[in-house]
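Coordinates from my_file-v9.pdb are shown below (PDB, C-alpha atoms).
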```pdb
ATOM      1  CA  ASN A  10      95.616 103.301 110.426
ATOM      2  CA  ALA A  11      95.472  99.586 111.128
ATOM      3  CA  GLY A  12      98.285  97.573 109.590
ATOM      4  CA  VAL A  13     100.886 100.359 109.506
ATOM      5  CA  THR A  14     102.906 100.888 112.667
ATOM      6  CA  GLN A  15     105.192 103.858 113.087
ATOM      7  CA  THR A  16     107.571 104.497 115.960
ATOM      8  CA  PRO A  17     108.245 106.718 117.742
ATOM      9  CA  LYS A  18     105.182 108.973 117.863
ATOM     10  CA  PHE A  19     107.192 111.932 119.093
ATOM     11  CA  GLN A  20     110.898 112.748 118.929
ATOM     12  CA  VAL A  21     113.053 115.749 119.728
ATOM     13  CA  LEU A  22     116.544 115.928 118.253
ATOM     14  CA  LYS A  23     119.403 118.357 118.366
ATOM     15  CA  THR A  24     120.886 119.611 115.129
ATOM     16  CA  GLY A  25     123.397 117.089 113.820
ATOM     17  CA  GLN A  26     121.980 114.073 115.616
ATOM     18  CA  SER A  27     120.951 111.010 113.708
ATOM     19  CA  MET A  28     117.934 108.809 114.147
ATOM     20  CA  THR A  29     115.775 106.246 112.410
ATOM     21  CA  LEU A  30     112.017 106.390 112.100
ATOM     22  CA  GLN A  31     110.630 102.885 112.041
ATOM     23  CA  CYS A  32     107.740 101.664 109.937
ATOM     24  CA  ALA A  33     106.271  98.211 109.711
ATOM     25  CA  GLN A  34     103.249  96.922 107.831
ATOM     26  CA  ASP A  35     101.468  93.613 108.131
ATOM     27  CA  MET A  36      99.331  93.854 104.992
ATOM     28  CA  ASN A  37     101.928  92.289 102.697
ATOM     29  CA  HIS A  38     101.913  95.276 100.345
ATOM     30  CA  GLU A  39     104.801  95.726  97.979
ATOM     31  CA  TYR A  40     104.508  99.503  98.026
ATOM     32  CA  MET A  41     105.726 101.623 100.956
ATOM     33  CA  SER A  42     106.682 105.263 101.192
ATOM     34  CA  TRP A  43     107.429 108.153 103.495
ATOM     35  CA  TYR A  44     105.715 111.540 103.361
ATOM     36  CA  ARG A  45     106.321 114.629 105.402
ATOM     37  CA  GLN A  46     103.587 117.083 106.269
ATOM     38  CA  ASP A  47     104.277 120.743 106.877
ATOM     39  CA  PRO A  48     101.910 123.712 107.348
ATOM     40  CA  GLY A  49     101.370 125.448 104.049
ATOM     41  CA  MET A  50     103.286 122.759 102.139
ATOM     42  CA  GLY A  51     100.888 119.864 102.366
ATOM     43  CA  LEU A  52     102.079 116.277 102.116
ATOM     44  CA  ARG A  53     105.283 115.701 100.179
ATOM     45  CA  LEU A  54     106.834 112.413  99.147
ATOM     46  CA  ILE A  55     110.326 111.745 100.519
ATOM     47  CA  HIS A  56     111.190 108.220  99.351
ATOM     48  CA  TYR A  57     109.240 105.225  98.187
ATOM     49  CA  SER A  58     109.702 101.538  97.500
ATOM     50  CA  VAL A  59     107.811  99.202  95.195
ATOM     51  CA  GLY A  60     109.277  96.060  96.717
ATOM     52  CA  ALA A  61     112.053  94.593  98.812
ATOM     53  CA  GLY A  62     115.435  95.752  97.592
ATOM     54  CA  ILE A  63     113.959  98.602  95.533
ATOM     55  CA  THR A  64     113.861 102.237  96.613
ATOM     56  CA  ASP A  65     113.509 105.519  94.779
ATOM     57  CA  GLN A  66     113.446 109.214  95.521
ATOM     58  CA  GLY A  67     110.346 111.295  95.855
ATOM     59  CA  GLU A  68     109.913 115.040  95.801
ATOM     60  CA  VAL A  69     112.045 115.929  98.853
ATOM     61  CA  PRO A  70     114.667 113.194  99.394
ATOM     62  CA  ASN A  71     117.628 115.281 100.521
ATOM     63  CA  GLY A  72     118.767 114.568 104.068
ATOM     64  CA  TYR A  73     116.999 111.208 104.230
ATOM     65  CA  ASN A  74     118.016 107.637 103.505
ATOM     66  CA  VAL A  75     115.868 104.540 103.209
ATOM     67  CA  SER A  76     116.322 100.836 102.709
ATOM     68  CA  ARG A  77     113.910  97.992 102.080
ATOM     69  CA  SER A  78     115.405  94.700 103.135
ATOM     70  CA  THR A  79     112.038  93.074 103.838
ATOM     71  CA  THR A  80     108.485  93.547 102.604
ATOM     72  CA  GLU A  81     107.342  94.483 106.099
ATOM     73  CA  ASP A  82     109.828  97.193 107.095
ATOM     74  CA  PHE A  83     110.784 100.530 105.582
ATOM     75  CA  PRO A  84     112.893 102.642 107.971
ATOM     76  CA  LEU A  85     113.647 106.289 107.309
ATOM     77  CA  ARG A  86     117.058 107.526 108.435
ATOM     78  CA  LEU A  87     118.104 111.060 109.207
ATOM     79  CA  LEU A  88     121.901 111.039 109.196
ATOM     80  CA  SER A  89     122.416 114.598 110.458
ATOM     81  CA  ALA A  90     119.198 116.256 111.552
ATOM     82  CA  ALA A  91     118.519 119.856 110.602
ATOM     83  CA  PRO A  92     115.820 122.258 111.852
ATOM     84  CA  SER A  93     114.301 122.174 108.360
ATOM     85  CA  GLN A  94     113.447 118.541 109.022
ATOM     86  CA  THR A  95     111.057 119.488 111.796
ATOM     87  CA  SER A  96     107.832 118.008 110.513
ATOM     88  CA  VAL A  97     105.259 115.271 110.880
ATOM     89  CA  TYR A  98     106.297 112.112 109.062
ATOM     90  CA  PHE A  99     103.900 109.522 107.720
ATOM     91  CA  CYS A 100     104.714 106.037 106.599
ATOM     92  CA  VAL A 101     102.425 104.765 103.867
ATOM     93  CA  THR A 102     101.661 101.407 102.366
ATOM     94  CA  GLY A 103      99.042 100.214  99.986
ATOM     95  CA  ASP A 104      97.782  98.436  96.959
ATOM     96  CA  LYS A 105      98.759 100.667  94.064
ATOM     97  CA  GLU A 106      96.790 103.883  94.481
ATOM     98  CA  LYS A 107      94.734 102.959  97.547
ATOM     99  CA  LEU A 108      97.190 104.021 100.218
ATOM    100  CA  PHE A 109      97.029 103.602 103.968
ATOM    101  CA  PHE A 110      98.799 106.040 106.249
ATOM    102  CA  GLY A 111     100.402 105.381 109.604
ATOM    103  CA  SER A 112      99.538 107.550 112.573
ATOM    104  CA  GLY A 113     102.586 109.756 112.128
ATOM    105  CA  THR A 114     105.796 110.733 113.890
ATOM    106  CA  GLN A 115     106.100 114.294 115.113
ATOM    107  CA  LEU A 116     109.760 115.273 114.885
ATOM    108  CA  SER A 117     111.283 118.472 116.229
ATOM    109  CA  VAL A 118     114.886 119.388 115.480
ATOM    110  CA  LEU A 119     116.305 122.090 117.716
TER     111      LEU A 119
ATOM    112  CA  GLY B  13     105.320 122.559  88.273
ATOM    113  CA  GLU B  14     102.239 120.400  88.399
ATOM    114  CA  SER B  15     100.061 120.981  91.401
ATOM    115  CA  VAL B  16      96.777 120.212  92.982
ATOM    116  CA  GLY B  17      95.082 123.044  94.800
ATOM    117  CA  LEU B  18      91.985 123.871  96.736
ATOM    118  CA  HIS B  19      89.698 126.855  96.250
ATOM    119  CA  LEU B  20      88.591 127.173  99.883
ATOM    120  CA  PRO B  21      90.907 126.629 102.796
ATOM    121  CA  THR B  22      88.092 126.536 105.381
ATOM    122  CA  LEU B  23      84.455 125.534 105.345
ATOM    123  CA  SER B  24      81.980 125.840 108.203
ATOM    124  CA  VAL B  25      78.589 124.159 108.019
ATOM    125  CA  GLN B  26      75.712 123.286 110.301
ATOM    126  CA  GLU B  27      75.044 119.709 111.249
ATOM    127  CA  GLY B  28      72.719 118.150 108.716
ATOM    128  CA  ASP B  29      73.725 120.429 105.861
ATOM    129  CA  ASN B  30      75.451 119.162 102.764
ATOM    130  CA  SER B  31      79.119 120.090 102.333
ATOM    131  CA  ILE B  32      81.021 120.624  99.128
ATOM    132  CA  ILE B  33      84.801 120.739  99.076
ATOM    133  CA  ASN B  34      86.512 121.727  95.846
ATOM    134  CA  CYS B  35      89.861 120.942  94.317
ATOM    135  CA  ALA B  36      91.609 122.070  91.141
ATOM    136  CA  TYR B  37      94.418 120.191  89.465
ATOM    137  CA  SER B  38      96.786 121.243  86.731
ATOM    138  CA  ASN B  39      98.321 117.989  85.496
ATOM    139  CA  SER B  40      96.334 116.988  82.443
ATOM    140  CA  ALA B  41      97.965 113.542  82.600
ATOM    141  CA  SER B  42      96.394 112.806  85.987
ATOM    142  CA  ASP B  43      94.135 109.819  85.716
ATOM    143  CA  TYR B  44      93.383 108.876  89.287
ATOM    144  CA  PHE B  45      92.073 111.093  92.058
ATOM    145  CA  ILE B  46      91.555 110.444  95.735
ATOM    146  CA  TRP B  47      90.007 112.243  98.648
ATOM    147  CA  TYR B  48      91.494 111.817 102.106
ATOM    148  CA  LYS B  49      90.200 112.854 105.516
ATOM    149  CA  GLN B  50      92.638 113.755 108.252
ATOM    150  CA  GLU B  51      91.519 114.123 111.826
ATOM    151  CA  SER B  52      93.663 115.885 114.384
ATOM    152  CA  GLY B  53      96.660 113.796 115.419
ATOM    153  CA  LYS B  54      96.008 111.080 112.873
ATOM    154  CA  GLY B  55      97.200 110.149 109.437
ATOM    155  CA  PRO B  56      95.058 110.772 106.352
ATOM    156  CA  GLN B  57      92.354 108.194 105.757
ATOM    157  CA  PHE B  58      91.065 107.168 102.353
ATOM    158  CA  ILE B  59      87.511 108.341 101.668
ATOM    159  CA  ILE B  60      86.765 107.817  98.011
ATOM    160  CA  ASP B  61      88.520 107.693  94.676
ATOM    161  CA  ILE B  62      87.684 108.220  91.043
ATOM    162  CA  ARG B  63      89.372 107.437  87.766
ATOM    163  CA  SER B  64      89.543 109.797  84.835
ATOM    164  CA  ASN B  65      87.175 107.651  82.758
ATOM    165  CA  MET B  66      84.386 108.506  85.209
ATOM    166  CA  ASP B  67      82.740 111.799  86.115
ATOM    167  CA  LYS B  68      80.912 110.745  89.252
ATOM    168  CA  ARG B  69      81.294 108.168  91.953
ATOM    169  CA  GLN B  70      79.214 107.674  95.069
ATOM    170  CA  GLY B  71      80.033 106.180  98.419
ATOM    171  CA  GLN B  72      78.310 106.193 101.741
ATOM    172  CA  ARG B  73      77.196 109.834 102.223
ATOM    173  CA  VAL B  74      79.998 110.997  99.943
ATOM    174  CA  THR B  75      80.104 111.716  96.242
ATOM    175  CA  VAL B  76      83.085 112.721  94.150
ATOM    176  CA  LEU B  77      82.586 114.632  90.921
ATOM    177  CA  LEU B  78      85.263 115.006  88.296
ATOM    178  CA  ASN B  79      85.216 117.612  85.548
ATOM    179  CA  LYS B  80      88.161 116.952  83.280
ATOM    180  CA  THR B  81      87.341 119.857  81.002
ATOM    181  CA  VAL B  82      88.164 122.385  83.698
ATOM    182  CA  LYS B  83      90.425 120.078  85.752
ATOM    183  CA  HIS B  84      88.248 120.235  88.812
ATOM    184  CA  LEU B  85      86.973 117.732  91.304
ATOM    185  CA  SER B  86      84.747 118.056  94.294
ATOM    186  CA  LEU B  87      83.774 116.072  97.348
ATOM    187  CA  GLN B  88      80.179 116.242  98.460
ATOM    188  CA  ILE B  89      79.253 115.106 101.941
ATOM    189  CA  ALA B  90      75.552 114.605 102.568
ATOM    190  CA  ALA B  91      73.966 115.319 105.956
ATOM    191  CA  THR B  92      77.246 116.465 107.438
ATOM    192  CA  GLN B  93      77.867 115.352 110.996
ATOM    193  CA  PRO B  94      80.186 116.703 113.712
ATOM    194  CA  GLY B  95      82.358 113.626 113.193
ATOM    195  CA  ASP B  96      83.024 114.837 109.666
ATOM    196  CA  SER B  97      85.012 117.780 111.038
ATOM    197  CA  ALA B  98      88.530 117.298 109.746
ATOM    198  CA  VAL B  99      90.967 118.423 107.086
ATOM    199  CA  TYR B 100      90.149 117.067 103.646
ATOM    200  CA  PHE B 101      92.820 116.582 101.014
ATOM    201  CA  CYS B 102      92.502 115.832  97.366
ATOM    202  CA  ALA B 103      95.343 113.951  95.714
ATOM    203  CA  GLU B 104      96.144 112.918  92.190
ATOM    204  CA  THR B 105      98.513 110.692  90.354
ATOM    205  CA  GLY B 106      99.320 109.975  86.760
ATOM    206  CA  GLY B 107      99.117 106.514  85.287
ATOM    207  CA  THR B 108     102.862 105.895  85.448
ATOM    208  CA  SER B 109     103.386 107.589  88.804
ATOM    209  CA  TYR B 110     102.619 104.597  90.960
ATOM    210  CA  GLY B 111     102.344 105.801  94.515
ATOM    211  CA  LYS B 112     103.529 109.306  93.709
ATOM    212  CA  LEU B 113     100.525 111.141  94.935
ATOM    213  CA  THR B 114     100.448 114.911  94.665
ATOM    214  CA  PHE B 115      98.367 116.388  97.454
ATOM    215  CA  GLY B 116      96.470 119.621  97.644
ATOM    216  CA  GLN B 117      96.880 121.955 100.578
ATOM    217  CA  GLY B 118      93.749 120.795 102.367
ATOM    218  CA  THR B 119      90.398 122.248 103.417
ATOM    219  CA  ILE B 120      89.396 122.497 107.035
ATOM    220  CA  LEU B 121      85.788 121.427 107.469
ATOM    221  CA  THR B 122      84.101 122.447 110.701
ATOM    222  CA  VAL B 123      80.632 121.116 111.466
ATOM    223  CA  HIS B 124      78.650 122.992 114.074
ATOM    224  CA  PRO B 125      76.009 121.102 116.092
TER     225      PRO B 125
END
```

As structure tokens, what does this structure read like?
Amino acid sequence: NAGVTQTPKFQVLKTGQSMTLQCAQDMNHEYMSWYRQDPGMGLRLIHYSVGAGITDQGEVPNGYNVSRSTTEDFPLRLLSAAPSQTSVYFCVTGDKEKLFFGSGTQLSVL
Amino acid sequence: GESVGLHLPTLSVQEGDNSIINCAYSNSASDYFIWYKQESGKGPQFIIDIRSNMDKRQGQRVTVLLNKTVKHLSLQIAATQPGDSAVYFCAETGGTSYGKLTFGQGTILTVHP
């Protein structure tokens, strides 16, 4: 997972709280994205970005916001956390299809 | 909708055996396929990829086979080692779906010493 740094590794939230998952990459890739991983659902794309200033929705974008002000950073914001957002979140970067995953953030929403 | 699925959710093998993990896909427009390995507590790691204009690609101890006729791909691991124990995911994307990988559910590979 070298080159993709996610923080925090673990987080517990109460329903309605907000938080930002941070992601930074030092590989100078244009592409970054966020996936969530849930048992029985596999990995699902939340949002992605193909360059600074450009973001787009993935398969499950509701409840999440993103921005891409720099090439290096791609934060994921939960404005009002819900129990359905309990999951493991992975930040991804890469060179077109060859993607590199961060080590993940385990989020629990109570 | 389009999906990528796996035939076997779990696979147990003895150290030294060859392992075969299978994956079916339904999107006929898919033109790029990737296998990922995910160890406990870590993010998925790229293993090997293959494009739709190929039917076989080999890496170090791993081979990916693609059968476009039946929309099936497989990952073969030669001389499986305990360190190969992990969850293996196949993923696919269409030519215009840059970065929009669709993942299968995963197969748990357990290698017994």

Please identify all residues of chain B having at least one atom at most 6 Å from any atom of chain A, considering all atoms listed in the file, and return them as a list in words.
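Those within range of chain A come out as Lys54, Gly55, Gly111, Phe115 and Gln117 of chain B.
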
In the coordinate frame of the file, compute which residues have an atom within 12 Å of (78.5, 113.2, 96.8) when using all atoms listed in the file, and state them as JSON, numbers by chain.
{"B": [30, 31, 32, 33, 34, 47, 59, 60, 61, 62, 67, 68, 69, 70, 71, 72, 73, 74, 75, 76, 77, 78, 85, 86, 87, 88, 89, 90, 91, 92]}

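The space separating atom CA of B:Pro125 from atom CA of B:Gln93 comes to 7.9 Å.
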
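If you measure from each of B:Pro94, B:Ser42, B:Lys80, B:Glu51 to B:Gly106 using all atoms listed in the file, the closest one turns out to be B:Ser42.
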
Using the chain letters and numbering of this document, enumerate as a PyMOL selection string the residues selected by the PyMOL selection byres ((chain B and resi 100) around 7).
chain B and resi 47-50+98-99+101-102+118-120

Using all atoms listed in the file, determine which residues lie at most 12 Å from A:Gln20, disregarding the query and same-chain residues fewer than 6 positions distant; provide the list as a list in words.
Gln26, Ser27, Met28, Thr29, Leu30, Ala90, Gln94, Thr95, Ser96, Val97, Tyr98, Gly113, Thr114, Gln115, Leu116, Ser117, Val118 and Leu119 of chain A

Restricting to all atoms listed in the file, whichever of A:Thr80, A:Ser89, A:Gln66, A:Asn74 is closest to A:Met36 is A:Thr80
